[in-house]
Amino acid sequence: MTVVATPPAPKLELPPLKLGPITVDTPVILAPMAGITNSAFRRLCREYGGGLYVAEMVTSRALVERTPESLRIISHDDDEKVRSVQLYGVDPVTVGQAVRMLVEEDRADHIDLNFGCPVPKVTRRGGGSALPWKIDLFTSIVQTAVKEASRGNVPLTIKMRKGIDEDHLTYLDAGRIARDSGVAAVALHGRTAAQFYSGQADWSAIARLREALPDIPVLGNGDIWSAEDAVRMVRETGVDGVVVGRGCQGRPWLFGDLMAAFEGSDQRHRPDLRQVAESVYRHAELMVETFGDEGKALREIRKHIAWYFKGYVVGGELRTKLALVTSLEVLRGTLDQLDLDSPYPGVDAEGPRGRAGSPKKPALPKDWLLNRTLDDAQTRDISFAELDVSGG
């Protein structure tokens, strides 16, 4: 991997992130992304830099029912020092059962609760970024989860958004409730559910949360596309660490840049096309190991192709072929057709990646916004609202 120097920067005076008994020397967290942050991708990222690498979101109901896919999602490599799992749920009883299972069966060292997912199939059931609006439900879930996690001294954190929309913000109330309930840290994505991933993340909201919660770690998320963005977020908001999601799609080496930047180093990865092609092939090999099914692994790698080759001169015909690969042999042959001596393209390979979507009215349960507590009908519906597959 080509490593180049950028203008030197002073070392960030940022201490290691403390989550209960866990110390994260480089205060950088890989955000859980469904269909992305499986053990294969987490390994690639770990090989470049330090941090905390969270598995894909798993639904509490699926985990309690021990579906094969949920057990696959929470599996970790033997050398993952911190086994981090993110749970989604809308029923306090089911969430508590899932946390208890993870703790009693020694399946996780860190548990995160998802209150930030904006996708309609989650919010229309009152989950994800819709849930903190209901203060009683949010409080019950967090308190139950913290209680169960504490039985095994497993730190529990939450990740959330600003709120449902600008007229229904929840992050300050939710942050205080979470702190008072005993969470180890709070992470905020500086967007509302209505924004989806569009527009610009509101870092000023992250700064306000940091100011409101001086006694626990606060982590910032949103629009970190480079190591320089992460440094700027820390300096502008005062957060204790950063959470990186879409910025690392197709760029597992970003974690090497982040570690270097936080240490004051001017070293950055600037891969040529040959190095990107080798990363793609290694990613596919690891996916085969993860799924034990070459066909499924190659179908999964297709979504990563556009991210890896963003900004590189590849050509439409080869991009199409790469998006249709069916085996490692076909992938290898197609990658070898690239002009592998092409250099790093510079700014064209940087910046936003992944689908941003567009602002939209969030899908919510009936009469969800009428008040901040559950009514009788919503209380009855909650116990049936758990999704039976991972999502978000």
# chains A, B, ... in the order shown; residues from 1 in each chain; ligands from 1
$ residues_around --residues "region 191-208 of chain A" --least-positions-apart "3" --cutoff "7 Å" --atoms "only C-alpha atoms" --output "mmCIF file with N, CA and C atoms, in the first residue's frame"
data_model
loop_
_atom_site.group_PDB
_atom_site.id
_atom_site.type_symbol
_atom_site.label_atom_id
_atom_site.label_comp_id
_atom_site.auth_asym_id
_atom_site.auth_seq_id
_atom_site.Cartn_x
_atom_site.Cartn_y
_atom_site.Cartn_z
ATOM 1 N N PRO A 118 -32.505 5.023 10.343
ATOM 2 C CA PRO A 118 -33.594 5.825 9.790
ATOM 3 C C PRO A 118 -34.443 5.116 8.748
ATOM 4 N N SER A 129 -34.321 5.454 14.997
ATOM 5 C CA SER A 129 -34.322 6.870 15.348
ATOM 6 C C SER A 129 -35.692 7.379 15.758
ATOM 7 N N ARG A 161 -29.588 9.430 16.689
ATOM 8 C CA ARG A 161 -29.616 10.608 15.826
ATOM 9 C C ARG A 161 -30.150 11.804 16.617
ATOM 10 N N LYS A 162 -30.167 12.960 15.958
ATOM 11 C CA LYS A 162 -30.678 14.172 16.608
ATOM 12 C C LYS A 162 -32.147 14.016 16.997
ATOM 13 N N GLY A 163 -32.896 13.315 16.178
ATOM 14 C CA GLY A 163 -34.311 13.144 16.437
ATOM 15 C C GLY A 163 -35.027 12.703 15.182
ATOM 16 N N ILE A 164 -36.326 12.850 15.174
ATOM 17 C CA ILE A 164 -37.125 12.428 14.027
ATOM 18 C C ILE A 164 -37.034 13.465 12.913
ATOM 19 N N ASP A 165 -37.205 14.713 13.257
ATOM 20 C CA ASP A 165 -36.999 15.832 12.340
ATOM 21 C C ASP A 165 -36.665 17.041 13.200
ATOM 22 N N LEU A 188 -23.529 10.178 18.793
ATOM 23 C CA LEU A 188 -24.559 10.941 18.089
ATOM 24 C C LEU A 188 -24.188 11.124 16.626
ATOM 25 N N GLU A 211 -21.329 19.121 25.592
ATOM 26 C CA GLU A 211 -21.415 20.085 26.682
ATOM 27 C C GLU A 211 -22.441 19.656 27.728
ATOM 28 N N ALA A 212 -23.535 19.028 27.268
ATOM 29 C CA ALA A 212 -24.611 18.624 28.180
ATOM 30 C C ALA A 212 -24.248 17.393 29.004
ATOM 31 N N GLY A 220 -18.756 11.356 18.204
ATOM 32 C CA GLY A 220 -19.377 12.048 17.084
ATOM 33 C C GLY A 220 -19.369 11.222 15.818
ATOM 34 N N GLY A 222 -20.810 11.294 11.538
ATOM 35 C CA GLY A 222 -21.423 12.016 10.427
ATOM 36 C C GLY A 222 -20.415 12.818 9.627
ATOM 37 N N ASP A 223 -20.288 12.492 8.324
ATOM 38 C CA ASP A 223 -19.442 13.230 7.381
ATOM 39 C C ASP A 223 -17.955 13.172 7.718
ATOM 40 N N THR A 237 -15.891 20.012 18.223
ATOM 41 C CA THR A 237 -16.978 19.573 19.098
ATOM 42 C C THR A 237 -16.522 19.146 20.486
ATOM 43 N N GLY A 238 -15.251 18.805 20.641
ATOM 44 C CA GLY A 238 -14.749 18.345 21.925
ATOM 45 C C GLY A 238 -15.088 16.909 22.257
ATOM 46 N N ALA A 356 -26.697 8.529 -0.332
ATOM 47 C CA ALA A 356 -27.103 9.518 0.654
ATOM 48 C C ALA A 356 -28.610 9.549 0.820
ATOM 49 N N GLY A 357 -29.333 9.179 -0.236
ATOM 50 C CA GLY A 357 -30.777 9.275 -0.184
ATOM 51 C C GLY A 357 -31.206 10.732 -0.224
ATOM 52 N N SER A 358 -32.451 10.999 0.025
ATOM 53 C CA SER A 358 -32.965 12.359 0.027
ATOM 54 C C SER A 358 -33.866 12.539 1.239
ATOM 55 N N PRO A 359 -34.032 13.788 1.688
ATOM 56 C CA PRO A 359 -34.906 14.011 2.842
ATOM 57 C C PRO A 359 -36.305 13.469 2.568
ATOM 58 N N LYS A 360 -36.912 12.889 3.572
ATOM 59 C CA LYS A 360 -38.244 12.325 3.400
ATOM 60 C C LYS A 360 -38.963 12.288 4.747
ATOM 61 N N LYS A 361 -40.261 12.284 4.689
ATOM 62 C CA LYS A 361 -41.044 12.184 5.911
ATOM 63 C C LYS A 361 -40.875 10.797 6.493
ATOM 64 N N PRO A 362 -40.398 10.687 7.730
ATOM 65 C CA PRO A 362 -40.160 9.360 8.308
ATOM 66 C C PRO A 362 -41.449 8.548 8.434
#
$ residues_around --residues "region 44-57 of chain A" --least-positions-apart "5" --cutoff "9 Å" --atoms "only C-alpha atoms" --output "JSON, numbers by chain"
{"A": [24, 25, 26, 27, 28, 29, 30, 31, 32, 33, 34, 35, 36, 37, 38, 39, 73, 74, 75, 76, 80, 82, 83, 84, 85, 86, 87, 88, 110, 111, 112, 113, 114, 248, 251, 252, 253, 254, 255, 256, 257, 258, 259, 260, 279, 282, 283, 286, 390, 391, 392]}
$ select_by_dssp --residues "region 168-382 of chain A" --states "strand (DSSP E or B)" --output "PyMOL selection string"
chain A and resi 168-169+185-189+218-221+241-244+267-269
$ select_by_dssp --residues "region 71-117 of chain A" --states "alpha helix (DSSP H)" --output "list in words"
Leu71, Arg72, Ile73, Pro92, Val93, Thr94, Val95, Gly96, Gln97, Ala98, Val99, Arg100, Met101, Leu102, Val103 and Glu104 of chain A
$ closest_residue --among "A:Thr139, A:Ala98, A:Arg61, A:Arg42" --to "Asp79 (chain A)" --atoms "only C-alpha atoms"
A:Arg42
$ residues_around --residues "Ala284 (chain A)" --least-positions-apart "4" --cutoff "7 Å" --atoms "only C-alpha atoms" --output "list in words"
Val280, Val288, Ala297, Leu298 and Ile301 of chain A
$ write_last_selection --atoms "all heavy atoms" --output "PDB file, in the first residue's frame"
ATOM      1  N   VAL A 280      -9.451  -5.628  -3.048  1.00  0.00           N
ATOM      2  CA  VAL A 280     -10.742  -6.191  -3.448  1.00  0.00           C
ATOM      3  C   VAL A 280     -10.675  -7.719  -3.429  1.00  0.00           C
ATOM      4  O   VAL A 280     -11.580  -8.393  -2.907  1.00  0.00           O
ATOM      5  CB  VAL A 280     -11.147  -5.697  -4.849  1.00  0.00           C
ATOM      6  CG1 VAL A 280     -12.364  -6.470  -5.365  1.00  0.00           C
ATOM      7  CG2 VAL A 280     -11.446  -4.209  -4.823  1.00  0.00           C
ATOM      8  N   VAL A 288     -15.414 -15.317   1.477  1.00  0.00           N
ATOM      9  CA  VAL A 288     -15.622 -16.749   1.273  1.00  0.00           C
ATOM     10  C   VAL A 288     -15.444 -17.482   2.597  1.00  0.00           C
ATOM     11  O   VAL A 288     -16.222 -18.376   2.956  1.00  0.00           O
ATOM     12  CB  VAL A 288     -14.666 -17.310   0.204  1.00  0.00           C
ATOM     13  CG1 VAL A 288     -14.777 -18.827   0.128  1.00  0.00           C
ATOM     14  CG2 VAL A 288     -14.977 -16.699  -1.162  1.00  0.00           C
ATOM     15  N   ALA A 297     -20.529 -15.244  -1.243  1.00  0.00           N
ATOM     16  CA  ALA A 297     -19.479 -14.269  -0.961  1.00  0.00           C
ATOM     17  C   ALA A 297     -19.262 -13.336  -2.146  1.00  0.00           C
ATOM     18  O   ALA A 297     -19.115 -12.121  -1.981  1.00  0.00           O
ATOM     19  CB  ALA A 297     -18.178 -14.994  -0.616  1.00  0.00           C
ATOM     20  N   LEU A 298     -19.266 -13.872  -3.349  1.00  0.00           N
ATOM     21  CA  LEU A 298     -19.043 -13.040  -4.536  1.00  0.00           C
ATOM     22  C   LEU A 298     -20.249 -12.148  -4.817  1.00  0.00           C
ATOM     23  O   LEU A 298     -20.095 -11.030  -5.319  1.00  0.00           O
ATOM     24  CB  LEU A 298     -18.704 -13.908  -5.746  1.00  0.00           C
ATOM     25  CG  LEU A 298     -17.203 -14.218  -5.947  1.00  0.00           C
ATOM     26  CD1 LEU A 298     -16.441 -12.939  -6.299  1.00  0.00           C
ATOM     27  CD2 LEU A 298     -16.571 -14.852  -4.706  1.00  0.00           C
ATOM     28  N   ILE A 301     -19.664  -9.249  -2.454  1.00  0.00           N
ATOM     29  CA  ILE A 301     -18.576  -8.325  -2.768  1.00  0.00           C
ATOM     30  C   ILE A 301     -18.983  -7.310  -3.830  1.00  0.00           C
ATOM     31  O   ILE A 301     -18.409  -6.212  -3.929  1.00  0.00           O
ATOM     32  CB  ILE A 301     -17.304  -9.092  -3.229  1.00  0.00           C
ATOM     33  CG1 ILE A 301     -16.043  -8.220  -3.100  1.00  0.00           C
ATOM     34  CG2 ILE A 301     -17.432  -9.568  -4.666  1.00  0.00           C
ATOM     35  CD1 ILE A 301     -15.691  -7.871  -1.677  1.00  0.00           C
TER      36      ILE A 301
END
$ residues_around --residues "Asp215 (chain A)" --least-positions-apart "2" --cutoff "12 Å" --atoms "only C-alpha atoms" --output "list in words"
Gly175, Arg176, Ala178, Arg179, Asp180, Gly182, Val183, Ala184, Ala185, Val186, Leu209, Arg210, Glu211, Ala212, Leu213, Pro217, Val218, Val239 and Asp240 of chain A
$ write_last_selection --atoms "N, CA and C atoms" --output "short mmCIF file (atom, residue, chain, number, x, y, z; two decimals), in the first residue's frame"
data_model
loop_
_atom_site.label_atom_id
_atom_site.label_comp_id
_atom_site.auth_asym_id
_atom_site.auth_seq_id
_atom_site.Cartn_x
_atom_site.Cartn_y
_atom_site.Cartn_z
N GLY A 175 -29.82 11.56 25.66
CA GLY A 175 -28.47 11.50 26.20
C GLY A 175 -28.45 11.54 27.71
N ARG A 176 -29.26 12.42 28.29
CA ARG A 176 -29.30 12.52 29.75
C ARG A 176 -29.90 11.26 30.37
N ALA A 178 -29.84 8.25 29.11
CA ALA A 178 -28.86 7.18 28.95
C ALA A 178 -27.75 7.30 29.99
N ARG A 179 -27.27 8.52 30.18
CA ARG A 179 -26.23 8.73 31.20
C ARG A 179 -26.74 8.33 32.58
N ASP A 180 -27.93 8.79 32.94
CA ASP A 180 -28.47 8.49 34.26
C ASP A 180 -28.77 7.00 34.43
N GLY A 182 -26.77 4.67 33.29
CA GLY A 182 -25.51 3.97 33.48
C GLY A 182 -24.81 3.51 32.23
N VAL A 183 -25.12 4.10 31.06
CA VAL A 183 -24.41 3.69 29.86
C VAL A 183 -22.96 4.14 29.93
N ALA A 184 -22.10 3.45 29.16
CA ALA A 184 -20.67 3.75 29.19
C ALA A 184 -20.30 4.90 28.26
N ALA A 185 -21.12 5.16 27.24
CA ALA A 185 -20.86 6.24 26.29
C ALA A 185 -22.09 6.43 25.42
N VAL A 186 -22.15 7.62 24.81
CA VAL A 186 -23.24 7.95 23.89
C VAL A 186 -22.63 8.44 22.59
N LEU A 209 -24.31 18.25 22.71
CA LEU A 209 -24.44 17.04 23.52
C LEU A 209 -23.20 16.84 24.38
N ARG A 210 -22.03 17.11 23.80
CA ARG A 210 -20.79 16.99 24.58
C ARG A 210 -20.82 17.92 25.79
N GLU A 211 -21.33 19.12 25.59
CA GLU A 211 -21.41 20.09 26.68
C GLU A 211 -22.44 19.66 27.73
N ALA A 212 -23.54 19.03 27.27
CA ALA A 212 -24.61 18.62 28.18
C ALA A 212 -24.25 17.39 29.00
N LEU A 213 -23.29 16.61 28.51
CA LEU A 213 -22.91 15.36 29.19
C LEU A 213 -21.41 15.36 29.48
N PRO A 217 -18.23 9.66 28.19
CA PRO A 217 -17.72 9.87 26.84
C PRO A 217 -18.86 10.13 25.84
N VAL A 218 -18.64 11.10 24.96
CA VAL A 218 -19.55 11.38 23.86
C VAL A 218 -18.77 11.23 22.56
N VAL A 239 -15.50 16.12 21.25
CA VAL A 239 -15.88 14.73 21.51
C VAL A 239 -14.68 13.90 21.96
N ASP A 240 -14.99 12.77 22.57
CA ASP A 240 -13.96 11.87 23.08
C ASP A 240 -13.50 10.85 22.05
#
$ closest_residue --among "A:Val90, A:Val146, A:Leu331, A:Ala377" --to "Arg124 (chain A)" --atoms "only C-alpha atoms"
A:Val90
$ residues_around --residues "Asp367 (chain A)" --least-positions-apart "2" --cutoff "12 Å" --atoms "only C-alpha atoms" --output "PyMOL selection string"
chain A and resi 124-126+133-134+363-365+369-378
$ write_last_selection --atoms "N, CA and C atoms" --output "PDB file, in the first residue's frame"
ATOM      1  N   ARG A 124     -41.046   2.639  11.081  1.00  0.00           N
ATOM      2  CA  ARG A 124     -42.500   2.489  11.052  1.00  0.00           C
ATOM      3  C   ARG A 124     -43.002   1.570  12.168  1.00  0.00           C
ATOM      4  N   ARG A 125     -42.086   0.827  12.792  1.00  0.00           N
ATOM      5  CA  ARG A 125     -42.438  -0.006  13.939  1.00  0.00           C
ATOM      6  C   ARG A 125     -42.055   0.664  15.256  1.00  0.00           C
ATOM      7  N   GLY A 126     -41.617   1.902  15.156  1.00  0.00           N
ATOM      8  CA  GLY A 126     -41.241   2.628  16.364  1.00  0.00           C
ATOM      9  C   GLY A 126     -39.807   2.413  16.788  1.00  0.00           C
ATOM     10  N   TRP A 133     -38.272   9.219  20.886  1.00  0.00           N
ATOM     11  CA  TRP A 133     -39.379  10.143  21.070  1.00  0.00           C
ATOM     12  C   TRP A 133     -40.278   9.690  22.224  1.00  0.00           C
ATOM     13  N   LYS A 134     -40.405   8.375  22.376  1.00  0.00           N
ATOM     14  CA  LYS A 134     -41.198   7.831  23.475  1.00  0.00           C
ATOM     15  C   LYS A 134     -40.285   7.644  24.681  1.00  0.00           C
ATOM     16  N   ALA A 363     -41.336   7.261   8.197  1.00  0.00           N
ATOM     17  CA  ALA A 363     -42.457   6.343   8.412  1.00  0.00           C
ATOM     18  C   ALA A 363     -42.539   6.044   9.899  1.00  0.00           C
ATOM     19  N   LEU A 364     -43.707   6.292  10.499  1.00  0.00           N
ATOM     20  CA  LEU A 364     -43.868   6.141  11.948  1.00  0.00           C
ATOM     21  C   LEU A 364     -45.155   5.384  12.264  1.00  0.00           C
ATOM     22  N   PRO A 365     -45.232   4.765  13.437  1.00  0.00           N
ATOM     23  CA  PRO A 365     -46.492   4.151  13.850  1.00  0.00           C
ATOM     24  C   PRO A 365     -47.601   5.212  13.954  1.00  0.00           C
ATOM     25  N   LEU A 369     -46.390  10.777  17.091  1.00  0.00           N
ATOM     26  CA  LEU A 369     -45.894  12.090  17.508  1.00  0.00           C
ATOM     27  C   LEU A 369     -46.862  12.869  18.381  1.00  0.00           C
ATOM     28  N   LEU A 370     -47.996  12.297  18.698  1.00  0.00           N
ATOM     29  CA  LEU A 370     -48.988  13.042  19.472  1.00  0.00           C
ATOM     30  C   LEU A 370     -48.506  13.368  20.875  1.00  0.00           C
ATOM     31  N   ASN A 371     -47.722  12.477  21.464  1.00  0.00           N
ATOM     32  CA  ASN A 371     -47.158  12.757  22.784  1.00  0.00           C
ATOM     33  C   ASN A 371     -45.882  11.953  22.970  1.00  0.00           C
ATOM     34  N   ARG A 372     -45.187  12.199  24.070  1.00  0.00           N
ATOM     35  CA  ARG A 372     -43.870  11.604  24.306  1.00  0.00           C
ATOM     36  C   ARG A 372     -43.937  10.262  25.027  1.00  0.00           C
ATOM     37  N   THR A 373     -45.128   9.771  25.317  1.00  0.00           N
ATOM     38  CA  THR A 373     -45.258   8.466  25.969  1.00  0.00           C
ATOM     39  C   THR A 373     -46.170   7.562  25.153  1.00  0.00           C
ATOM     40  N   LEU A 374     -46.071   6.261  25.382  1.00  0.00           N
ATOM     41  CA  LEU A 374     -46.881   5.285  24.663  1.00  0.00           C
ATOM     42  C   LEU A 374     -48.335   5.339  25.130  1.00  0.00           C
ATOM     43  N   ASP A 375     -49.272   5.236  24.180  1.00  0.00           N
ATOM     44  CA  ASP A 375     -50.657   5.064  24.582  1.00  0.00           C
ATOM     45  C   ASP A 375     -50.946   3.561  24.678  1.00  0.00           C
ATOM     46  N   ASP A 376     -52.160   3.196  25.060  1.00  0.00           N
ATOM     47  CA  ASP A 376     -52.480   1.793  25.297  1.00  0.00           C
ATOM     48  C   ASP A 376     -52.302   0.944  24.038  1.00  0.00           C
ATOM     49  N   ALA A 377     -52.750   1.465  22.901  1.00  0.00           N
ATOM     50  CA  ALA A 377     -52.649   0.713  21.647  1.00  0.00           C
ATOM     51  C   ALA A 377     -51.192   0.503  21.255  1.00  0.00           C
ATOM     52  N   GLN A 378     -50.372   1.540  21.406  1.00  0.00           N
ATOM     53  CA  GLN A 378     -48.953   1.427  21.056  1.00  0.00           C
ATOM     54  C   GLN A 378     -48.240   0.467  21.997  1.00  0.00           C
TER      55      GLN A 378
END
$ closest_residue --among "A:Lys303, A:Val231, A:Gly316, A:Lys81" --to "Ser265 (chain A)" --atoms "only C-alpha atoms"
A:Val231
$ residues_around --residues "region 323-326 of chain A" --least-positions-apart "2" --cutoff "8 Å" --atoms "only C-alpha atoms" --output "number ranges by chain"
A: 295, 298-299, 302-303, 305, 319-321, 328, 330-331
$ write_last_selection --atoms "N, CA and C atoms" --output "short mmCIF file (atom, residue, chain, number, x, y, z; two decimals), in the first residue's frame"
data_model
loop_
_atom_site.label_atom_id
_atom_site.label_comp_id
_atom_site.auth_asym_id
_atom_site.auth_seq_id
_atom_site.Cartn_x
_atom_site.Cartn_y
_atom_site.Cartn_z
N GLY A 295 -20.26 -18.60 -3.89
CA GLY A 295 -21.26 -17.87 -4.66
C GLY A 295 -21.85 -16.72 -3.87
N LEU A 298 -19.27 -13.87 -3.35
CA LEU A 298 -19.04 -13.04 -4.54
C LEU A 298 -20.25 -12.15 -4.82
N ARG A 299 -21.43 -12.62 -4.48
CA ARG A 299 -22.59 -11.73 -4.61
C ARG A 299 -22.47 -10.57 -3.61
N ARG A 302 -20.01 -7.63 -4.60
CA ARG A 302 -20.41 -6.74 -5.70
C ARG A 302 -20.75 -5.35 -5.21
N LYS A 303 -21.41 -5.25 -4.05
CA LYS A 303 -21.83 -3.94 -3.55
C LYS A 303 -20.63 -3.05 -3.22
N ILE A 305 -17.77 -2.93 -4.98
CA ILE A 305 -16.95 -2.61 -6.15
C ILE A 305 -16.93 -1.12 -6.45
N ARG A 319 -16.28 -2.24 -15.23
CA ARG A 319 -17.08 -2.04 -14.02
C ARG A 319 -18.29 -2.98 -14.01
N THR A 320 -18.91 -3.13 -15.17
CA THR A 320 -20.05 -4.02 -15.29
C THR A 320 -19.65 -5.45 -15.02
N LYS A 321 -18.53 -5.87 -15.59
CA LYS A 321 -18.04 -7.23 -15.37
C LYS A 321 -17.74 -7.47 -13.89
N LEU A 328 -14.10 -16.54 -7.39
CA LEU A 328 -12.79 -15.91 -7.19
C LEU A 328 -11.97 -15.95 -8.47
N VAL A 330 -13.06 -15.85 -11.58
CA VAL A 330 -13.55 -14.81 -12.49
C VAL A 330 -13.13 -13.43 -11.99
N LEU A 331 -13.20 -13.22 -10.68
CA LEU A 331 -12.79 -11.94 -10.13
C LEU A 331 -11.32 -11.66 -10.41
#
$ decode --residues "region 357-369 of chain A" --atoms "N, CA, C and O atoms" --output "mmCIF file, in the first residue's frame"
data_model
loop_
_atom_site.group_PDB
_atom_site.id
_atom_site.type_symbol
_atom_site.label_atom_id
_atom_site.label_comp_id
_atom_site.auth_asym_id
_atom_site.auth_seq_id
_atom_site.Cartn_x
_atom_site.Cartn_y
_atom_site.Cartn_z
ATOM 1 N N GLY A 357 -29.333 9.179 -0.236
ATOM 2 C CA GLY A 357 -30.777 9.275 -0.184
ATOM 3 C C GLY A 357 -31.206 10.732 -0.224
ATOM 4 O O GLY A 357 -30.403 11.640 -0.453
ATOM 5 N N SER A 358 -32.451 10.999 0.025
ATOM 6 C CA SER A 358 -32.965 12.359 0.027
ATOM 7 C C SER A 358 -33.866 12.539 1.239
ATOM 8 O O SER A 358 -34.389 11.570 1.790
ATOM 9 N N PRO A 359 -34.032 13.788 1.688
ATOM 10 C CA PRO A 359 -34.906 14.011 2.842
ATOM 11 C C PRO A 359 -36.305 13.469 2.568
ATOM 12 O O PRO A 359 -36.818 13.569 1.452
ATOM 13 N N LYS A 360 -36.912 12.889 3.572
ATOM 14 C CA LYS A 360 -38.244 12.325 3.400
ATOM 15 C C LYS A 360 -38.963 12.288 4.747
ATOM 16 O O LYS A 360 -38.334 12.279 5.806
ATOM 17 N N LYS A 361 -40.261 12.284 4.689
ATOM 18 C CA LYS A 361 -41.044 12.184 5.911
ATOM 19 C C LYS A 361 -40.875 10.797 6.493
ATOM 20 O O LYS A 361 -41.153 9.802 5.828
ATOM 21 N N PRO A 362 -40.398 10.687 7.730
ATOM 22 C CA PRO A 362 -40.160 9.360 8.308
ATOM 23 C C PRO A 362 -41.449 8.548 8.434
ATOM 24 O O PRO A 362 -42.522 9.094 8.726
ATOM 25 N N ALA A 363 -41.336 7.261 8.197
ATOM 26 C CA ALA A 363 -42.457 6.343 8.412
ATOM 27 C C ALA A 363 -42.539 6.044 9.899
ATOM 28 O O ALA A 363 -41.560 5.605 10.510
ATOM 29 N N LEU A 364 -43.707 6.292 10.499
ATOM 30 C CA LEU A 364 -43.868 6.141 11.948
ATOM 31 C C LEU A 364 -45.155 5.384 12.264
ATOM 32 O O LEU A 364 -46.090 5.377 11.464
ATOM 33 N N PRO A 365 -45.232 4.765 13.437
ATOM 34 C CA PRO A 365 -46.492 4.151 13.850
ATOM 35 C C PRO A 365 -47.601 5.212 13.954
ATOM 36 O O PRO A 365 -47.320 6.405 14.114
ATOM 37 N N LYS A 366 -48.826 4.783 13.893
ATOM 38 C CA LYS A 366 -49.968 5.684 13.954
ATOM 39 C C LYS A 366 -49.933 6.533 15.227
ATOM 40 O O LYS A 366 -49.711 6.023 16.326
ATOM 41 N N ASP A 367 -50.115 7.832 15.049
ATOM 42 C CA ASP A 367 -50.201 8.791 16.165
ATOM 43 C C ASP A 367 -48.948 8.824 17.038
ATOM 44 O O ASP A 367 -48.998 9.245 18.187
ATOM 45 N N TRP A 368 -47.815 8.434 16.474
ATOM 46 C CA TRP A 368 -46.568 8.348 17.244
ATOM 47 C C TRP A 368 -46.149 9.695 17.824
ATOM 48 O O TRP A 368 -45.636 9.780 18.946
ATOM 49 N N LEU A 369 -46.390 10.777 17.091
ATOM 50 C CA LEU A 369 -45.894 12.090 17.508
ATOM 51 C C LEU A 369 -46.862 12.869 18.381
ATOM 52 O O LEU A 369 -46.556 13.999 18.785
#
